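S.K.: Sharing run.tsv below, TSV, C-alpha atoms:
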chain	number	residue	atom	x	y	z
G	1	MET	CA	46.08	201.41	202.73
G	2	THR	CA	47.56	203.51	199.99
G	3	SER	CA	51.31	203.75	199.46
G	4	GLU	CA	51.03	206.48	196.82
G	5	ARG	CA	52.08	210.07	197.39
G	6	LEU	CA	49.00	212.12	198.19
G	7	SER	CA	48.27	215.81	197.81
G	8	VAL	CA	46.90	216.86	201.21
G	9	VAL	CA	45.50	220.26	202.24
G	10	VAL	CA	45.46	220.85	206.01
G	11	ALA	CA	43.46	223.49	207.88
G	12	GLY	CA	44.39	224.05	211.51
G	13	SER	CA	48.03	223.22	210.84
G	14	SER	CA	49.33	225.68	213.44
G	15	GLY	CA	47.58	223.94	216.34
G	16	PHE	CA	49.18	221.32	218.56
G	17	LEU	CA	47.70	218.35	216.71
G	18	GLY	CA	47.97	220.02	213.31
G	19	ARG	CA	51.71	220.63	213.63
G	20	HIS	CA	52.37	217.01	214.50
G	21	LEU	CA	50.10	215.64	211.77
G	22	VAL	CA	51.64	217.83	209.05
G	23	ALA	CA	55.13	216.71	210.10
G	24	GLU	CA	54.06	213.04	210.02
G	25	LEU	CA	52.36	213.30	206.62
G	26	ARG	CA	55.41	214.99	205.11
G	27	GLU	CA	57.63	212.35	206.70
G	28	ARG	CA	55.51	209.73	204.93
G	29	GLY	CA	56.20	211.45	201.62
G	30	HIS	CA	52.91	213.24	201.05
G	31	ARG	CA	52.72	216.74	199.56
G	32	VAL	CA	51.10	218.93	202.22
G	33	THR	CA	49.78	222.47	201.79
G	34	ALA	CA	48.76	224.28	204.98
G	35	LEU	CA	45.84	226.72	204.98
G	36	VAL	CA	46.83	229.80	207.00
G	37	ARG	CA	45.16	233.11	207.86
G	38	ARG	CA	48.30	235.23	207.34
G	39	PRO	CA	50.34	235.89	204.19
G	40	ALA	CA	51.34	232.48	202.83
G	41	GLU	CA	54.89	231.18	202.74
G	42	ALA	CA	56.24	228.11	200.94
G	43	GLY	CA	53.91	225.13	201.33
G	44	GLU	CA	51.02	227.34	202.47
G	45	SER	CA	47.89	229.00	201.10
G	46	THR	CA	46.02	231.92	202.67
G	47	TRP	CA	42.33	231.56	203.46
G	48	ASP	CA	39.63	233.44	205.37
G	49	PRO	CA	37.01	230.95	206.59
G	50	GLN	CA	34.81	233.58	208.25
G	51	GLY	CA	34.85	235.58	205.02
G	52	GLY	CA	34.24	232.49	202.90
G	53	GLU	CA	37.52	232.78	201.00
G	54	VAL	CA	39.71	229.81	200.05
G	55	ASP	CA	41.71	228.73	197.02
G	56	THR	CA	39.04	226.64	195.31
G	57	ASP	CA	41.41	225.07	192.80
G	58	LEU	CA	43.79	224.00	195.57
G	59	VAL	CA	41.05	222.37	197.65
G	60	GLN	CA	39.25	220.72	194.74
G	61	GLY	CA	42.52	219.47	193.27
G	62	ALA	CA	43.69	217.76	196.48
G	63	ASP	CA	43.45	214.06	197.18
G	64	VAL	CA	42.55	214.66	200.83
G	65	VAL	CA	41.51	217.76	202.79
G	66	VAL	CA	42.12	217.63	206.54
G	67	ASN	CA	40.28	220.14	208.72
G	68	LEU	CA	41.49	220.51	212.31
G	69	ALA	CA	40.63	224.22	212.59
G	70	GLY	CA	38.84	225.53	215.66
G	71	ALA	CA	39.28	228.00	218.51
G	72	PRO	CA	40.98	226.52	221.62
G	73	LEU	CA	38.73	225.04	224.30
G	74	VAL	CA	41.05	226.52	226.93
G	75	GLY	CA	39.74	229.98	227.82
G	76	ASN	CA	37.09	231.82	229.81
G	77	VAL	CA	34.36	229.18	229.81
G	78	HIS	CA	31.91	231.65	231.37
G	79	SER	CA	32.26	234.08	228.44
G	80	LYS	CA	29.62	234.30	225.72
G	81	GLN	CA	32.37	235.30	223.29
G	82	TRP	CA	34.33	232.13	224.13
G	83	ALA	CA	31.27	230.00	223.40
G	84	LYS	CA	30.58	231.88	220.17
G	85	ASP	CA	34.20	231.50	219.01
G	86	VAL	CA	34.31	227.77	219.84
G	87	ARG	CA	31.17	227.11	217.81
G	88	SER	CA	31.63	229.47	214.86
G	89	SER	CA	35.30	228.61	214.28
G	90	ARG	CA	34.41	224.94	213.86
G	91	VAL	CA	31.20	225.28	211.88
G	92	ALA	CA	32.41	228.06	209.55
G	93	THR	CA	35.63	226.29	208.55
G	94	THR	CA	33.86	222.98	207.99
G	95	SER	CA	31.00	224.58	206.06
G	96	LEU	CA	33.38	226.37	203.68
G	97	LEU	CA	35.53	223.32	203.03
G	98	GLY	CA	32.51	221.01	202.79
G	99	ALA	CA	30.80	223.24	200.23
G	100	THR	CA	34.01	223.68	198.23
G	101	ILE	CA	34.58	219.93	198.11
G	102	ALA	CA	30.93	219.28	197.22
G	103	ALA	CA	31.26	221.56	194.16
G	104	ALA	CA	34.32	219.71	192.80
G	105	PRO	CA	33.95	217.61	189.63
G	106	SER	CA	35.75	214.81	191.47
G	107	PRO	CA	35.42	215.56	195.21
G	108	PRO	CA	38.53	214.95	197.36
G	109	ALA	CA	38.25	213.12	200.67
G	110	LEU	CA	37.50	215.19	203.78
G	111	VAL	CA	39.03	214.13	207.11
G	112	ASN	CA	37.37	216.47	209.59
G	113	ALA	CA	37.93	217.00	213.31
G	114	SER	CA	35.13	216.32	215.77
G	115	GLY	CA	34.98	215.45	219.45
G	116	VAL	CA	33.84	212.62	221.68
G	117	ALA	CA	31.46	215.12	223.28
G	118	TRP	CA	29.18	214.27	220.33
G	119	TYR	CA	27.93	211.23	222.30
G	120	GLY	CA	26.87	212.99	225.49
G	121	ASP	CA	26.79	211.28	228.88
G	122	HIS	CA	26.08	207.54	228.52
G	123	GLY	CA	27.06	206.32	231.99
G	124	SER	CA	28.86	202.98	231.98
G	125	ALA	CA	27.46	201.73	228.63
G	126	GLU	CA	30.16	200.79	226.12
G	127	LEU	CA	30.07	203.15	223.14
G	128	THR	CA	31.16	202.59	219.55
G	129	GLU	CA	30.69	204.73	216.47
G	130	ALA	CA	27.24	203.14	216.09
G	131	SER	CA	26.05	204.62	219.42
G	132	ASP	CA	23.65	207.58	219.60
G	133	THR	CA	24.10	211.19	220.68
G	134	ARG	CA	22.36	212.34	223.87
G	135	GLY	CA	21.66	215.47	225.83
G	136	HIS	CA	22.13	219.16	225.18
G	137	ALA	CA	25.52	219.97	226.75
G	138	PHE	CA	27.35	222.79	224.98
G	139	LEU	CA	30.10	220.74	223.32
G	140	THR	CA	27.61	218.00	222.41
G	141	ARG	CA	25.54	220.56	220.50
G	142	VAL	CA	28.64	222.06	218.89
G	143	SER	CA	29.84	218.62	217.79
G	144	ARG	CA	26.49	217.87	216.17
G	145	GLU	CA	26.62	221.09	214.14
G	146	TRP	CA	30.29	220.52	213.35
G	147	GLU	CA	29.65	217.09	211.90
G	148	ALA	CA	26.47	218.21	210.11
G	149	ALA	CA	28.55	220.79	208.20
G	150	THR	CA	30.39	217.92	206.44
G	151	ARG	CA	27.19	216.50	204.93
G	152	PRO	CA	27.32	218.43	201.62
G	153	ALA	CA	30.69	216.81	200.90
G	154	ALA	CA	29.40	213.34	201.76
G	155	ASP	CA	26.21	213.91	199.73
G	156	ALA	CA	28.40	214.83	196.75
G	157	GLY	CA	30.18	211.48	197.00
G	158	ALA	CA	33.30	212.49	198.90
G	159	ARG	CA	34.89	210.08	201.36
G	160	VAL	CA	34.29	211.80	204.69
G	161	VAL	CA	35.94	210.75	207.96
G	162	LEU	CA	34.96	212.31	211.29
G	163	LEU	CA	37.80	212.31	213.82
G	164	ARG	CA	35.98	212.00	217.14
G	165	THR	CA	38.98	212.89	219.25
G	166	SER	CA	39.27	212.18	222.96
G	167	PRO	CA	41.64	214.21	225.18
G	168	VAL	CA	45.16	213.77	223.79
G	169	GLN	CA	47.58	213.11	226.64
G	170	ASP	CA	50.94	214.85	226.30
G	171	ARG	CA	52.89	216.77	228.93
G	172	SER	CA	53.43	219.69	226.55
G	173	ASN	CA	49.72	220.31	225.99
G	174	PRO	CA	46.46	220.57	227.98
G	175	PRO	CA	44.93	218.75	229.71
G	176	LEU	CA	47.91	216.66	230.88
G	177	GLN	CA	50.19	219.69	231.06
G	178	ALA	CA	48.05	221.24	233.81
G	179	GLN	CA	47.17	217.95	235.50
G	180	ARG	CA	50.84	216.99	235.80
G	181	LEU	CA	51.66	220.25	237.59
G	182	GLN	CA	48.59	219.92	239.81
G	183	PHE	CA	49.53	216.39	240.88
G	184	LEU	CA	53.21	217.28	241.34
G	185	ALA	CA	52.06	220.01	243.75
G	186	GLY	CA	50.16	217.38	245.76
G	187	LEU	CA	46.77	218.78	244.73
G	188	GLY	CA	45.54	215.85	242.66
G	189	GLY	CA	42.41	213.81	243.25
G	190	ARG	CA	39.40	212.29	241.61
G	191	ILE	CA	36.71	214.49	240.06
G	192	GLY	CA	33.20	214.08	241.41
G	193	SER	CA	32.40	210.44	242.15
G	194	GLY	CA	35.31	209.30	239.98
G	195	LYS	CA	33.07	206.58	238.50
G	196	GLN	CA	32.68	208.40	235.18
G	197	TYR	CA	34.59	206.92	232.24
G	198	TYR	CA	37.26	209.14	230.74
G	199	PRO	CA	38.40	208.35	227.17
G	200	LEU	CA	41.95	209.34	226.27
G	201	VAL	CA	44.62	208.76	223.64
G	202	SER	CA	48.37	209.24	223.35
G	203	LEU	CA	49.74	211.80	220.91
G	204	ARG	CA	51.57	209.16	218.90
G	205	ASP	CA	48.41	207.07	218.53
G	206	TRP	CA	46.34	210.13	217.55
G	207	VAL	CA	48.89	211.10	214.88
G	208	GLY	CA	49.20	207.50	213.72
G	209	ALA	CA	45.43	207.00	213.55
G	210	ALA	CA	44.77	210.31	211.78
G	211	SER	CA	47.49	209.54	209.21
G	212	PHE	CA	46.08	206.04	208.76
G	213	LEU	CA	42.63	207.48	208.04
G	214	VAL	CA	44.04	210.05	205.60
G	215	GLU	CA	45.81	207.29	203.66
G	216	HIS	CA	43.10	204.61	203.85
G	217	PRO	CA	41.21	204.64	200.53
G	218	THR	CA	37.89	203.35	201.92
G	219	ALA	CA	37.76	204.58	205.53
G	220	SER	CA	34.70	206.78	206.04
G	221	GLY	CA	32.25	207.89	208.70
G	222	PRO	CA	32.97	208.53	212.37
G	223	ALA	CA	36.12	207.17	213.99
G	224	ASN	CA	36.72	207.26	217.74
G	225	LEU	CA	40.31	208.32	218.42
G	226	CYS	CA	40.79	206.85	221.87
G	227	ALA	CA	42.70	204.02	223.51
G	228	PRO	CA	40.98	200.61	223.23
G	229	SER	CA	40.54	200.44	227.01
G	230	THR	CA	38.80	203.45	228.63
G	231	PRO	CA	39.53	204.08	232.33
G	232	THR	CA	37.28	205.62	234.94
G	233	ASN	CA	38.36	208.92	236.44
G	234	VAL	CA	39.41	207.06	239.60
G	235	GLU	CA	41.64	204.75	237.54
G	236	PHE	CA	43.11	207.70	235.61
G	237	THR	CA	43.77	209.63	238.83
G	238	ALA	CA	45.40	206.68	240.60
G	239	THR	CA	47.62	205.90	237.61
G	240	LEU	CA	48.78	209.49	237.16
G	241	ALA	CA	49.51	209.84	240.88
G	242	ARG	CA	51.51	206.61	240.90
G	243	LEU	CA	53.56	207.58	237.84
G	244	LEU	CA	54.33	210.98	239.37
G	245	HIS	CA	55.02	209.46	242.83
G	246	ARG	CA	52.48	211.70	244.50
G	247	PRO	CA	49.35	211.04	246.55
G	248	ALA	CA	45.90	211.82	245.12
G	249	LEU	CA	44.04	212.82	248.22
G	250	LEU	CA	42.09	215.93	247.24
G	251	PRO	CA	38.88	215.01	245.42
G	252	VAL	CA	37.06	217.83	243.65
G	253	PRO	CA	33.31	217.82	244.43
G	254	ALA	CA	30.95	217.79	241.46
G	255	ALA	CA	29.30	220.99	242.70
G	256	ALA	CA	32.63	222.82	242.54
G	257	ILE	CA	33.20	221.60	238.98
G	258	ARG	CA	29.77	222.86	237.89
G	259	VAL	CA	30.66	226.33	239.18
G	260	ALA	CA	34.25	226.45	237.91
G	261	ALA	CA	33.85	224.70	234.57
G	262	GLY	CA	30.66	226.44	233.45
G	263	LYS	CA	29.57	225.19	230.00
G	264	MET	CA	32.36	222.58	230.10
G	265	ALA	CA	31.10	220.93	233.31
G	266	PRO	CA	29.05	218.23	231.53
G	267	GLU	CA	32.19	217.22	229.62
G	268	VAL	CA	34.21	216.98	232.84
G	269	LEU	CA	31.56	215.10	234.82
G	270	GLY	CA	29.99	213.07	232.00
G	271	SER	CA	30.84	209.43	231.35
G	272	LEU	CA	31.97	208.04	227.98
G	273	ASN	CA	33.03	204.39	227.99
G	274	LEU	CA	34.39	204.62	224.46
G	275	ARG	CA	35.84	202.01	222.13
G	276	PRO	CA	37.65	202.77	218.83
G	277	GLN	CA	35.75	200.08	216.94
G	278	ALA	CA	36.09	201.64	213.48
G	279	LEU	CA	39.89	201.85	213.71
G	280	LEU	CA	40.14	198.33	215.15
G	281	ASP	CA	37.95	196.97	212.35
G	282	LEU	CA	40.20	198.65	209.76
G	283	GLY	CA	43.26	197.00	211.29
G	284	PHE	CA	44.89	199.99	212.98
G	285	GLU	CA	47.31	198.91	215.71
G	286	PHE	CA	47.48	201.08	218.82
G	287	ALA	CA	50.84	201.57	220.51
G	288	ASP	CA	49.23	202.65	223.81
G	289	ARG	CA	46.16	200.55	224.58
G	290	ASP	CA	45.30	201.53	228.18
G	291	VAL	CA	45.63	204.36	230.69
G	292	GLU	CA	49.01	203.20	232.00
G	293	ALA	CA	50.57	203.08	228.53
G	294	VAL	CA	48.96	206.36	227.43
G	295	LEU	CA	50.18	208.24	230.50
G	296	ARG	CA	53.67	206.72	230.43
G	297	THR	CA	54.04	207.86	226.83
G	298	GLY	CA	52.45	211.24	227.52
G	299	LEU	CA	54.72	211.94	230.50
G	300	GLY	CA	57.81	210.77	228.64
G	301	HIS	CA	58.45	207.82	231.01
Would you encode the structure as structure tokens?

M.R.:
Amino acid sequence: MTSERLSVVVAGSSGFLGRHLVAELRERGHRVTALVRRPAEAGESTWDPQGGEVDTDLVQGADVVVNLAGAPLVGNVHSKQWAKDVRSSRVATTSLLGATIAAAPSPPALVNASGVAWYGDHGSAELTEASDTRGHAFLTRVSREWEAATRPAADAGARVVLLRTSPVQDRSNPPLQAQRLQFLAGLGGRIGSGKQYYPLVSLRDWVGAASFLVEHPTASGPANLCAPSTPTNVEFTATLARLLHRPALLPVPAAAIRVAAGKMAPEVLGSLNLRPQALLDLGFEFADRDVEAVLRTGLGH
């Protein structure tokens, strides 16, 4: 782990995770410049990823580039425009930054967002970063393209980290924001059979892990950002209901999820028994190691 002050460029700094990561990196003493799509203010630089425009000198002169940019997954999942925006916003930003880094005389590190959907449904099998990718679900295909867009940077010798992020549990942000209200209204219950594994992580562990990977001089490759112990949906549901002092008596049939969730249904019904092996091997210490701890922290208990 480095203790030196780093120059870090962050794309996606206005999002929920980006705001918290920028604040943490600055708190740790790093010099952070945020890439924004509006006129830049202090500590910012304007870019246009769809138009292929970015301050090349800024990016190539950084120690680490963090890319968290991407259209929100919350939206009209039945819309072709939603699907197009989800894909293009991730691939275009990563492609531009990856190519810019690859062209640098001394390429900076790239810490790039990705998702656990990359793995696809694996049932109850325990998954680490060495596991394969399966199936053709929408977000699985997007994640493959997203990660592939970082290859030019890696091929040029840059240290590239892929943040395979599981759902971040915090009451101020989806999905826990909506689930909390649903359960408080007495409308909570398991999804489908409830046997599917549901990886998750607390906000403080996500921020801590992402900062750790930014600072670590040798960390590279995929990193699962999830609690060390992955619950099933039944275990998640029962824990959330207990912490909110509500029953969980209204299961949602799988058929209803397939209709309502559209292209996101495989992500809701799929099973990912994930383990953050890369982070554990590097010595990262999780504050919230299981569903009870993650939800207590996320709910502010």

S.K.: With a distance cut-off of 9 Å and only C-alpha atoms, select the neighbouring residues of region 170-182 of chain G, excluding the residue or stretch itself and same-chain residues fewer than 4 positions from it, and output the selection as a PyMOL selection string.

M.R.: chain G and resi 16+74+186-188+202-203+240-241+244+294-295+297-300

S.K.: Given the selection you just returned, output its residues as a file containing C-alpha atoms, formatted as a short mmCIF file (atom, residue, chain, number, x, y, z; two decimals), in the frame of the given file.

M.R.:
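Dumped to selection.cif:
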data_model
loop_
_atom_site.label_atom_id
_atom_site.label_comp_id
_atom_site.auth_asym_id
_atom_site.auth_seq_id
_atom_site.Cartn_x
_atom_site.Cartn_y
_atom_site.Cartn_z
CA PHE G 16 49.18 221.32 218.56
CA VAL G 74 41.05 226.52 226.93
CA GLY G 186 50.16 217.38 245.76
CA LEU G 187 46.77 218.78 244.73
CA GLY G 188 45.54 215.85 242.66
CA SER G 202 48.37 209.24 223.35
CA LEU G 203 49.74 211.80 220.91
CA LEU G 240 48.78 209.49 237.16
CA ALA G 241 49.51 209.84 240.88
CA LEU G 244 54.33 210.98 239.37
CA VAL G 294 48.96 206.36 227.43
CA LEU G 295 50.18 208.24 230.50
CA THR G 297 54.04 207.86 226.83
CA GLY G 298 52.45 211.24 227.52
CA LEU G 299 54.72 211.94 230.50
CA GLY G 300 57.81 210.77 228.64
#

S.K.: Which residue, G:Arg159, G:Pro253, G:Glu53, G:Asp205, has the smallest gap to Ala265 (chain G) when you use all atoms listed in the file?

M.R.: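 Once distances to Ala265 (chain G) are computed over all atoms listed in the file, the minimum belongs to G:Pro253.
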
S.K.: Set the distance at 12 Å and use all atoms listed in the file: which residues neighbour Asp288 (chain G) once local chain neighbours fewer than 2 positions away are removed? I'd like the list as a list in words.

M.R.: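 Within the cut-off, the hits are Val168, Gln169, Leu200, Val201, Ser202, Leu203, Arg204, Asp205, Trp206, Gly208, Ala209, Leu225, Cys226, Ala227, Pro228, Ser229, Thr230, Phe284, Glu285, Phe286, Asp290, Val291, Glu292, Ala293, Val294, Leu295, Arg296, Thr297 and Gly298 of chain G.
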
S.K.: State, in Å with one decimal place, the distance from CA of Ala117 (chain G) to CA of Ala238 (chain G).

M.R.: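 Computing it gives 23.8 Å between the two atoms.
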
S.K.: Give me the residues near Lys195 (chain G) as JSON, numbers by chain, where near means some atom within 10 Å (using only C-alpha atoms) and where sequence neighbours in that chain fewer than 5 positions away do not count.

M.R.: {"G": [123, 124, 190, 231, 232, 233, 234, 235, 269, 270, 271]}

S.K.: May I have the centre and edge lengths, in Å to one decimal, of an axis-aligned box around the listed atoms of region 140-145 of chain G with 5 Å added to every side, as lines of an AutoDock Vina configuration file?

M.R.:
center_x = 27.7
center_y = 220.0
center_z = 218.3
size_x = 14.3
size_y = 14.2
size_z = 18.3

S.K.: For a quick check of understanding, using only C-alpha atoms, which of G:Arg246, G:Leu184, G:Leu17, G:Glu129 has the smallest distance to Ser220 (chain G)?

M.R.: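 Among the listed residues, G:Glu129 lies closest to Ser220 (chain G).
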
S.K.: Check the smallest atom-to-atom distance from each of G:Ala42, G:Val116, G:Ala255, G:Leu282 to Pro167 (chain G) using all atoms listed in the file, then report the winner.

M.R.: G:Val116

S.K.: Would you work out the distance separating CA of Gln196 (chain G) from CA of Arg275 (chain G), expressed in Å to one decimal?

M.R.: 14.9 Å

S.K.: Would you mind reading off the distance between CA of Val65 (chain G) and CA of Pro49 (chain G), one decimal, in Å?

M.R.: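 These atoms are spaced 14.4 Å apart.
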
S.K.: Go ahead and find all residues with at least one atom no further than 12 Å from (40.0, 222.3, 193.7) in the file's coordinates, using all atoms listed in the file; report them as number ranges by chain.

M.R.: G: 7-9, 54-65, 97-109

S.K.: Closest to Leu243 (chain G) among G:Val207, G:His301, G:Leu163, G:Ala278, using all atoms listed in the file?

M.R.: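 Of G:Val207, G:His301, G:Leu163, G:Ala278, the one nearest Leu243 (chain G) is G:His301, counting all atoms listed in the file.
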
S.K.: Taking into account only C-alpha atoms, which residue in the set G:Arg151, G:Arg28, G:Lys84, G:His216 is nearest to Leu96 (chain G)?

M.R.: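 Residue with the minimum atom-to-atom distance to Leu96 (chain G): G:Arg151.
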
S.K.: Could you give me, as a ChimeraX atom specification, the residues that have an atom at most 9 Å away from the point (41.1, 211.1, 244.8) in the coordinates of the file, using all atoms listed in the file?

M.R.: /G:188-191,194,234,237-238,247-252

S.K.: Between G:Ser211, G:Ser131, G:Thr46, G:Ser114, which one has atoms that come closest to Leu6 (chain G), using all atoms listed in the file?

M.R.: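 Nearest to Leu6 (chain G): G:Ser211.
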
S.K.: With a distance cut-off of 9 Å and all atoms listed in the file, select the neighbouring residues of Arg5 (chain G), excluding the residue or stretch itself and same-chain residues fewer than 4 positions from it, and output the selection as a list in words.

M.R.: Arg28, Gly29, His30 and Arg31 of chain G

S.K.: Counting all atoms listed in the file, what is within 7 Å of Asn273 (chain G), bar same-chain residues fewer than 5 positions away, as a PyMOL selection string?

M.R.: chain G and resi 124-127+197-199+230
